[in-house]
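data24.txt (compact mmCIF, C-alpha atoms) appears below.
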```txt
# COMPACT_ATOMS: atom_id res chain seq x y z
CA MET A 1 0.00 0.00 0.00
CA ASN A 2 2.83 2.34 1.03
CA ILE A 3 4.78 1.60 -2.15
CA SER A 4 1.82 2.60 -4.28
CA ILE A 5 1.63 5.90 -2.36
CA PHE A 6 5.33 6.49 -3.13
CA LYS A 7 4.71 5.66 -6.77
CA ILE A 8 1.89 8.17 -6.86
CA ILE A 9 4.10 10.82 -5.22
CA ILE A 10 6.99 10.18 -7.64
CA PHE A 11 4.61 10.14 -10.60
CA SER A 12 3.08 13.44 -9.42
CA PHE A 13 6.57 14.93 -9.16
CA ALA A 14 7.42 13.79 -12.67
CA ILE A 15 4.21 15.32 -14.03
CA PHE A 16 4.84 18.52 -12.06
CA PHE A 17 8.40 18.90 -13.44
CA LEU A 18 7.30 18.12 -16.98
CA PHE A 19 4.69 20.85 -16.61
CA ILE A 20 7.33 23.31 -15.34
CA PHE A 21 9.70 22.46 -18.23
CA TRP A 22 6.87 22.76 -20.73
CA GLN A 23 5.97 26.18 -19.33
CA GLY A 24 9.65 27.13 -19.47
CA LEU A 25 9.85 26.18 -23.14
CA LYS A 26 6.83 28.32 -23.94
CA LYS A 27 8.35 31.33 -22.20
CA ASN A 28 10.25 33.82 -24.33
CA ASN A 29 13.79 34.06 -22.98
CA ASN A 30 14.77 37.06 -25.07
CA TYR A 31 15.08 40.40 -23.34
CA ASP A 32 12.11 42.62 -24.01
CA THR A 33 11.32 46.08 -22.88
CA LYS A 34 7.58 45.68 -22.32
CA ARG A 35 7.93 45.83 -18.55
CA LEU A 36 9.66 49.20 -18.82
CA ILE A 37 6.60 50.85 -20.32
CA GLY A 38 5.15 53.08 -17.63
CA SER A 39 8.48 53.68 -15.88
CA ARG A 40 9.81 57.23 -15.59
CA ILE A 41 13.00 58.74 -16.93
CA SER A 42 14.76 60.99 -14.46
CA ASN A 43 18.04 62.55 -13.36
CA PHE A 44 19.70 63.24 -16.64
CA GLN A 45 21.45 66.13 -18.26
CA LEU A 46 22.24 66.01 -21.93
CA ILE A 47 25.08 68.15 -23.26
CA GLY A 48 24.84 69.48 -26.82
CA MET A 49 26.82 67.62 -29.46
CA ASN A 50 28.29 70.76 -30.99
CA ASN A 51 28.21 73.05 -28.00
CA ASP A 52 29.21 72.07 -24.47
CA ASP A 53 27.40 75.12 -23.05
CA GLN A 54 24.06 73.91 -24.40
CA TYR A 55 22.24 71.28 -22.44
CA ILE A 56 18.79 69.92 -21.71
CA SER A 57 17.42 68.13 -18.66
CA GLU A 58 14.15 66.74 -17.31
CA ASP A 59 12.58 70.19 -17.00
CA ASN A 60 12.98 70.92 -20.71
CA LEU A 61 11.26 67.70 -21.73
CA LYS A 62 8.38 68.27 -19.31
CA LYS A 63 7.33 71.23 -21.45
CA ASN A 64 6.67 68.93 -24.42
CA GLN A 65 3.51 66.91 -24.76
CA PHE A 66 5.48 64.09 -26.36
CA THR A 67 9.19 63.60 -26.89
CA LEU A 68 10.94 60.93 -28.89
CA ILE A 69 14.47 60.30 -27.68
CA ASN A 70 16.47 58.62 -30.43
CA PHE A 71 19.95 57.13 -30.02
CA PHE A 72 21.90 57.22 -33.26
CA ALA A 73 25.42 57.12 -34.66
CA SER A 74 26.98 57.72 -38.05
CA TRP A 75 28.57 54.25 -37.98
CA CYS A 76 25.22 52.55 -37.43
CA SER A 77 23.68 51.46 -40.71
CA PRO A 78 20.14 50.71 -39.38
CA CYS A 79 20.15 54.37 -38.22
CA ARG A 80 20.21 55.35 -41.88
CA THR A 81 17.17 53.23 -42.71
CA GLU A 82 15.08 54.73 -39.91
CA HIS A 83 16.13 58.31 -40.64
CA LYS A 84 13.35 59.02 -43.17
CA TYR A 85 10.75 58.17 -40.52
CA LEU A 86 12.41 60.54 -38.07
CA LEU A 87 12.32 63.27 -40.72
CA ASN A 88 8.59 62.62 -41.21
CA LEU A 89 8.03 62.74 -37.44
CA SER A 90 9.77 66.09 -37.20
CA ASN A 91 6.72 67.64 -38.92
CA LYS A 92 4.31 66.19 -36.36
CA LYS A 93 3.23 67.21 -32.85
CA ILE A 94 6.29 65.70 -31.23
CA LYS A 95 9.73 66.91 -30.16
CA LEU A 96 12.70 64.88 -31.29
CA ILE A 97 15.83 64.58 -29.22
CA GLY A 98 18.78 62.88 -30.86
CA ILE A 99 21.55 61.40 -28.76
CA ASN A 100 24.72 60.75 -30.68
CA PHE A 101 26.13 57.51 -29.31
CA LYS A 102 29.88 56.76 -29.13
CA ASP A 103 30.60 58.70 -32.30
CA LYS A 104 32.97 61.28 -33.71
CA LYS A 105 31.51 64.77 -33.86
CA ASN A 106 32.56 65.38 -37.47
CA ASN A 107 31.11 62.08 -38.65
CA ALA A 108 27.85 62.76 -36.82
CA ASN A 109 27.57 66.24 -38.35
CA ASN A 110 28.24 64.84 -41.82
CA PHE A 111 25.59 62.18 -41.23
CA LEU A 112 23.00 64.84 -40.34
CA LYS A 113 24.11 67.06 -43.23
CA GLU A 114 23.73 64.21 -45.70
CA LEU A 115 20.40 62.81 -44.48
CA GLY A 116 18.86 65.90 -42.89
CA ASN A 117 18.51 66.89 -39.25
CA PRO A 118 15.12 65.90 -37.79
CA TYR A 119 16.09 66.70 -34.20
CA ASP A 120 15.07 69.67 -32.05
CA PHE A 121 18.16 69.03 -29.96
CA VAL A 122 21.18 66.83 -30.54
CA GLY A 123 23.08 65.69 -27.47
CA LYS A 124 26.17 63.59 -27.14
CA ASP A 125 26.92 60.36 -25.32
CA VAL A 126 30.64 59.94 -25.85
CA ASP A 127 31.25 56.93 -23.58
CA GLY A 128 27.74 55.46 -23.64
CA LYS A 129 26.97 56.15 -19.97
CA ILE A 130 23.89 58.25 -20.84
CA SER A 131 22.44 55.31 -22.77
CA ILE A 132 22.39 53.29 -19.53
CA LEU A 133 20.34 56.03 -17.83
CA PHE A 134 17.76 55.55 -20.57
CA GLY A 135 17.88 51.75 -20.40
CA VAL A 136 19.34 51.45 -23.89
CA TYR A 137 21.44 48.41 -24.84
CA GLY A 138 22.06 48.84 -28.54
CA ILE A 139 21.42 51.36 -31.22
CA PRO A 140 19.29 52.52 -32.87
CA GLU A 141 16.85 52.68 -30.03
CA SER A 142 14.02 55.17 -29.50
CA ILE A 143 12.03 56.04 -26.41
CA LEU A 144 8.72 57.85 -26.58
CA VAL A 145 7.89 59.76 -23.39
CA ASP A 146 5.01 62.00 -22.38
CA SER A 147 5.17 65.29 -20.45
CA ASN A 148 5.61 63.38 -17.16
CA LEU A 149 8.60 61.65 -18.71
CA THR A 150 6.77 58.36 -18.49
CA VAL A 151 7.89 55.85 -21.12
CA ILE A 152 4.98 55.18 -23.48
CA LYS A 153 6.87 53.18 -26.05
CA LYS A 154 10.35 51.81 -26.49
CA ILE A 155 11.55 50.79 -29.92
CA VAL A 156 14.60 48.55 -29.99
CA GLY A 157 16.11 48.62 -33.45
CA PRO A 158 15.27 50.88 -36.38
CA ILE A 159 11.88 52.56 -36.69
CA ASP A 160 9.97 51.03 -39.60
CA GLN A 161 6.58 51.81 -41.15
CA THR A 162 4.70 49.76 -38.52
CA GLN A 163 6.50 51.45 -35.61
CA TYR A 164 6.05 54.85 -37.27
CA ASP A 165 2.29 54.29 -37.54
CA LYS A 166 2.15 53.18 -33.91
CA ILE A 167 3.97 56.34 -32.79
CA LEU A 168 1.55 58.50 -34.78
CA LYS A 169 -1.38 56.72 -33.15
CA LEU A 170 0.04 57.24 -29.68
CA ILE A 171 0.68 60.96 -30.09
CA GLN A 172 -2.71 61.76 -31.58
CA MET B 173 65.47 56.48 9.84
CA LYS B 174 65.90 54.78 6.47
CA ILE B 175 64.31 51.62 7.82
CA LYS B 176 61.34 53.63 9.13
CA ILE B 177 60.79 55.25 5.72
CA PHE B 178 61.11 51.87 4.03
CA LEU B 179 58.58 50.33 6.43
CA PHE B 180 56.17 53.24 5.93
CA ILE B 181 56.33 52.91 2.12
CA ALA B 182 55.86 49.13 2.38
CA TYR B 183 52.84 49.67 4.66
CA VAL B 184 51.23 52.22 2.29
CA LEU B 185 51.81 49.95 -0.72
CA THR B 186 50.34 46.93 1.07
CA VAL B 187 47.25 48.81 2.25
CA THR B 188 46.68 50.27 -1.22
CA HIS B 189 47.11 46.84 -2.81
CA VAL B 190 44.65 45.22 -0.39
CA GLN B 191 42.09 48.01 -0.93
CA THR B 192 42.40 47.72 -4.73
CA ASN B 193 41.96 43.96 -4.53
CA ASP B 194 38.87 44.38 -2.32
CA SER B 195 37.21 46.79 -4.73
CA GLN B 196 38.14 44.59 -7.71
CA THR B 197 36.58 41.56 -6.00
CA LYS B 198 33.46 43.55 -5.21
CA LEU B 199 33.19 44.76 -8.81
CA LEU B 200 33.73 41.26 -10.20
CA LYS B 201 31.01 39.87 -7.92
CA VAL B 202 28.52 42.44 -9.25
CA TYR B 203 29.60 41.90 -12.89
CA LYS B 204 29.07 38.15 -12.47
CA ASN B 205 25.53 38.64 -11.19
CA LEU B 206 24.52 40.76 -14.20
CA ARG B 207 23.33 39.33 -17.48
CA CYS B 208 24.70 40.72 -20.73
CA LEU B 209 21.59 41.64 -22.71
CA VAL B 210 23.40 41.65 -26.03
CA CYS B 211 25.26 38.34 -25.84
CA GLN B 212 22.92 35.75 -24.39
CA GLY B 213 24.29 33.25 -21.92
CA GLN B 214 27.15 35.49 -20.82
CA SER B 215 27.47 37.63 -17.75
CA ILE B 216 28.74 41.20 -17.83
CA ALA B 217 32.00 39.83 -16.36
CA ASP B 218 32.49 37.40 -19.27
CA SER B 219 31.39 39.71 -22.05
CA ASN B 220 33.47 42.19 -24.00
CA SER B 221 30.50 43.65 -25.85
CA ASP B 222 30.03 47.39 -26.07
CA PHE B 223 27.07 47.14 -23.71
CA ALA B 224 29.05 45.19 -21.09
CA ILE B 225 31.94 47.66 -21.25
CA THR B 226 29.56 50.59 -20.70
CA ILE B 227 27.74 48.86 -17.84
CA LYS B 228 31.11 48.21 -16.17
CA LEU B 229 31.99 51.92 -16.42
CA VAL B 230 28.64 52.91 -14.91
CA ILE B 231 29.02 50.44 -12.02
CA GLN B 232 32.54 51.69 -11.29
CA ASP B 233 31.20 55.27 -11.24
CA GLN B 234 28.39 54.32 -8.89
CA PHE B 235 30.75 52.59 -6.46
CA ASN B 236 33.05 55.61 -6.57
CA GLU B 237 30.05 57.78 -5.67
CA GLY B 238 29.57 55.55 -2.61
CA ARG B 239 26.53 53.54 -3.70
CA THR B 240 26.03 50.09 -2.24
CA GLU B 241 25.77 46.83 -4.17
CA ASP B 242 21.99 46.71 -3.69
CA GLU B 243 21.63 50.29 -4.89
CA VAL B 244 23.53 49.39 -8.07
CA TYR B 245 21.25 46.37 -8.68
CA ASN B 246 18.15 48.50 -8.00
CA PHE B 247 19.35 51.15 -10.42
CA LEU B 248 20.00 48.67 -13.23
CA THR B 249 16.74 46.80 -12.55
CA SER B 250 14.84 50.08 -12.82
CA LYS B 251 16.43 50.67 -16.23
CA TYR B 252 16.40 47.15 -17.70
CA GLY B 253 13.96 45.15 -15.57
CA GLU B 254 14.60 42.03 -13.45
CA TRP B 255 16.03 40.25 -16.50
CA ILE B 256 19.40 41.93 -16.05
CA VAL B 257 20.12 40.28 -12.68
CA TYR B 258 20.85 36.56 -12.46
CA LYS B 259 19.64 36.46 -8.86
CA PRO B 260 16.17 37.96 -8.93
CA THR B 261 14.65 39.60 -5.89
CA PHE B 262 12.03 37.65 -3.99
CA SER B 263 8.50 38.26 -5.27
CA LYS B 264 5.15 36.48 -5.69
CA GLY B 265 6.02 35.69 -9.29
CA ASN B 266 9.17 33.75 -8.43
CA LEU B 267 7.96 32.13 -5.20
CA LEU B 268 8.36 28.65 -6.74
CA LEU B 269 11.89 29.43 -7.91
CA TRP B 270 12.99 30.23 -4.37
CA PHE B 271 11.20 27.46 -2.46
CA LEU B 272 11.04 24.57 -4.92
CA PRO B 273 14.65 23.38 -4.34
CA TYR B 274 14.09 23.24 -0.55
CA PHE B 275 10.73 21.53 -1.05
CA VAL B 276 12.23 18.93 -3.41
CA PHE B 277 15.18 18.39 -1.06
CA ILE B 278 12.98 17.79 1.99
CA THR B 279 10.39 15.66 0.17
CA GLY B 280 13.14 13.61 -1.53
CA GLY B 281 14.80 13.04 1.85
CA LEU B 282 11.48 11.92 3.34
CA ILE B 283 10.85 9.52 0.44
CA ILE B 284 14.32 7.97 0.82
CA PHE B 285 13.84 7.74 4.60
CA PHE B 286 10.52 5.92 4.28
CA ILE B 287 11.82 3.57 1.56
CA ILE B 288 14.79 2.57 3.76
CA LYS B 289 12.52 2.21 6.78
CA LYS B 290 10.13 0.06 4.77
CA SER B 291 12.91 -2.23 3.40
CA LYS B 292 14.35 -2.65 6.94
CA TYR B 293 10.90 -3.54 8.22
CA ASN B 294 10.49 -6.08 5.41
CA LYS B 295 13.93 -7.60 6.15
CA ASP B 296 13.18 -7.89 9.87
CA ASN B 297 9.97 -9.73 9.15
```

Using the file provided, produce a representation of the structure as structure tokens.
Amino acid sequence: MNISIFKIIIFSFAIFFLFIFWQGLKKNNNYDTKRLIGSRISNFQLIGMNNDDQYISEDNLKKNQFTLINFFASWCSPCRTEHKYLLNLSNKKIKLIGINFKDKKNNANNFLKELGNPYDFVGKDVDGKISILFGVYGIPESILVDSNLTVIKKIVGPIDQTQYDKILKLIQ
Amino acid sequence: MKIKIFLFIAYVLTVTHVQTNDSQTKLLKVYKNLRCLVCQGQSIADSNSDFAITIKLVIQDQFNEGRTEDEVYNFLTSKYGEWIVYKPTFSKGNLLLWFLPYFVFITGGLIIFFIIKKSKYNKDN
């Protein structure tokens, strides 16, 4: 009688672990930023790319209804593909802040000269430390915030037509 | 006098060396508990990716500013979510993760105990 109870216990354990493994397989193990939606961006100061005396901080962004913070670099080829969408967004009800990531100033200026400058302000992140404050882990990456600096959307990778449409929907 | 100066220099060098080693060990411990988001399966300590290098700089800065280990983890979790730490903080969502090993250990022990007891009882009879 006791043996059959043990068998039932061991069988239940086996079923339980199989269920856990099955659940584990279904789970997406890639990093995603969904959980960061709703968090707030704070304590930052962004120094101008071409002028060290120019800077923006939290208070400046609070004045805007919506701000899209875009990390870019001249050496980043996906940044080129998303640039046309940023140029289109610059005509909409949204402020664009560009943060030049680990780049040379001259190259960044040439990049903006060649493709057009969609940004209301271009800041610099020479050693990448600012990107950590914004929870960025690769570029291009864009963060849409509202006037409370709450993250509404985070786009990892280049902005494409689908993402562009989603941004437009959110800022309407 | 010369011996005193020599001893003083040796003392300063030893203290500095010990302090440097302590901070390096502390940094390495934190790096090892952080997941590199770019290169899956590697910790920040193992990775040489751009992201890992930047995270290391930020952690060094934070320690230099006097922040504690927990404060560093909290800061990075607020920016990247729980996924960045290998050892997640205790919450309702990971209750099983924390208690399951103990549960399995105790239950397994009990099963083995009863099986042995049962076989002894069978032998005796």

inquiry  = Residues of chain A within 8 Å of chain B, counting only C-alpha atoms - could you list those as JSON, numbers by chain?
reply    = {"A": [6, 31, 33, 35, 36, 39, 127, 128, 129, 132, 133, 134, 135, 137, 138]}

Just write the chosen residues, C-alpha atoms, as a PDB file, keeping the file's coordinate frame.
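The resulting out.pdb:
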```pdb
ATOM      1  CA  PHE A   6       5.330   6.490  -3.130  1.00  0.00           C
ATOM      2  CA  TYR A  31      15.080  40.400 -23.340  1.00  0.00           C
ATOM      3  CA  THR A  33      11.320  46.080 -22.880  1.00  0.00           C
ATOM      4  CA  ARG A  35       7.930  45.830 -18.550  1.00  0.00           C
ATOM      5  CA  LEU A  36       9.660  49.200 -18.820  1.00  0.00           C
ATOM      6  CA  SER A  39       8.480  53.680 -15.880  1.00  0.00           C
ATOM      7  CA  ASP A 127      31.250  56.930 -23.580  1.00  0.00           C
ATOM      8  CA  GLY A 128      27.740  55.460 -23.640  1.00  0.00           C
ATOM      9  CA  LYS A 129      26.970  56.150 -19.970  1.00  0.00           C
ATOM     10  CA  ILE A 132      22.390  53.290 -19.530  1.00  0.00           C
ATOM     11  CA  LEU A 133      20.340  56.030 -17.830  1.00  0.00           C
ATOM     12  CA  PHE A 134      17.760  55.550 -20.570  1.00  0.00           C
ATOM     13  CA  GLY A 135      17.880  51.750 -20.400  1.00  0.00           C
ATOM     14  CA  TYR A 137      21.440  48.410 -24.840  1.00  0.00           C
ATOM     15  CA  GLY A 138      22.060  48.840 -28.540  1.00  0.00           C
TER      16      GLY A 138
END
```

request  = Can you work out the spacing between CA of Lys154 (chain A) and CA of Leu206 (chain B) in Å, to one decimal?
outcome  = 21.8 Å

query = Using all atoms listed in the file, which of the listed residues (B:Phe178, B:Tyr245, B:Tyr293, B:Tyr203) sits closest to Thr261 (chain B)?
reply =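 Among the listed residues, the smallest separation from Thr261 (chain B) belongs to B:Tyr245.
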
ask   = Which polymer residues have any atom within 12 Å of an atom of Leu144 (chain A), counting only C-alpha atoms, with same-chain residues fewer than 3 positions away left out, as a VMD selection string?
value = chain A and resid 36 to 41 61 64 to 71 89 94 to 97 134 141 147 to 156 159 163 to 164 166 to 168 170 to 171

Test item: axis-aligned box, all listed atoms of region 269-286 of chain B, 4 Å on each side, centre and edges in Å rounded to one decimal, as AutoDock Vina command-line options:
```
--center_x 12.8 --center_y 18.1 --center_z -1.7 --size_x 12.8 --size_y 32.3 --size_z 20.5
```

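Taking CA of Leu282 (chain B) and CA of Ser263 (chain B) as endpoints, the distance between them is 27.9 Å.
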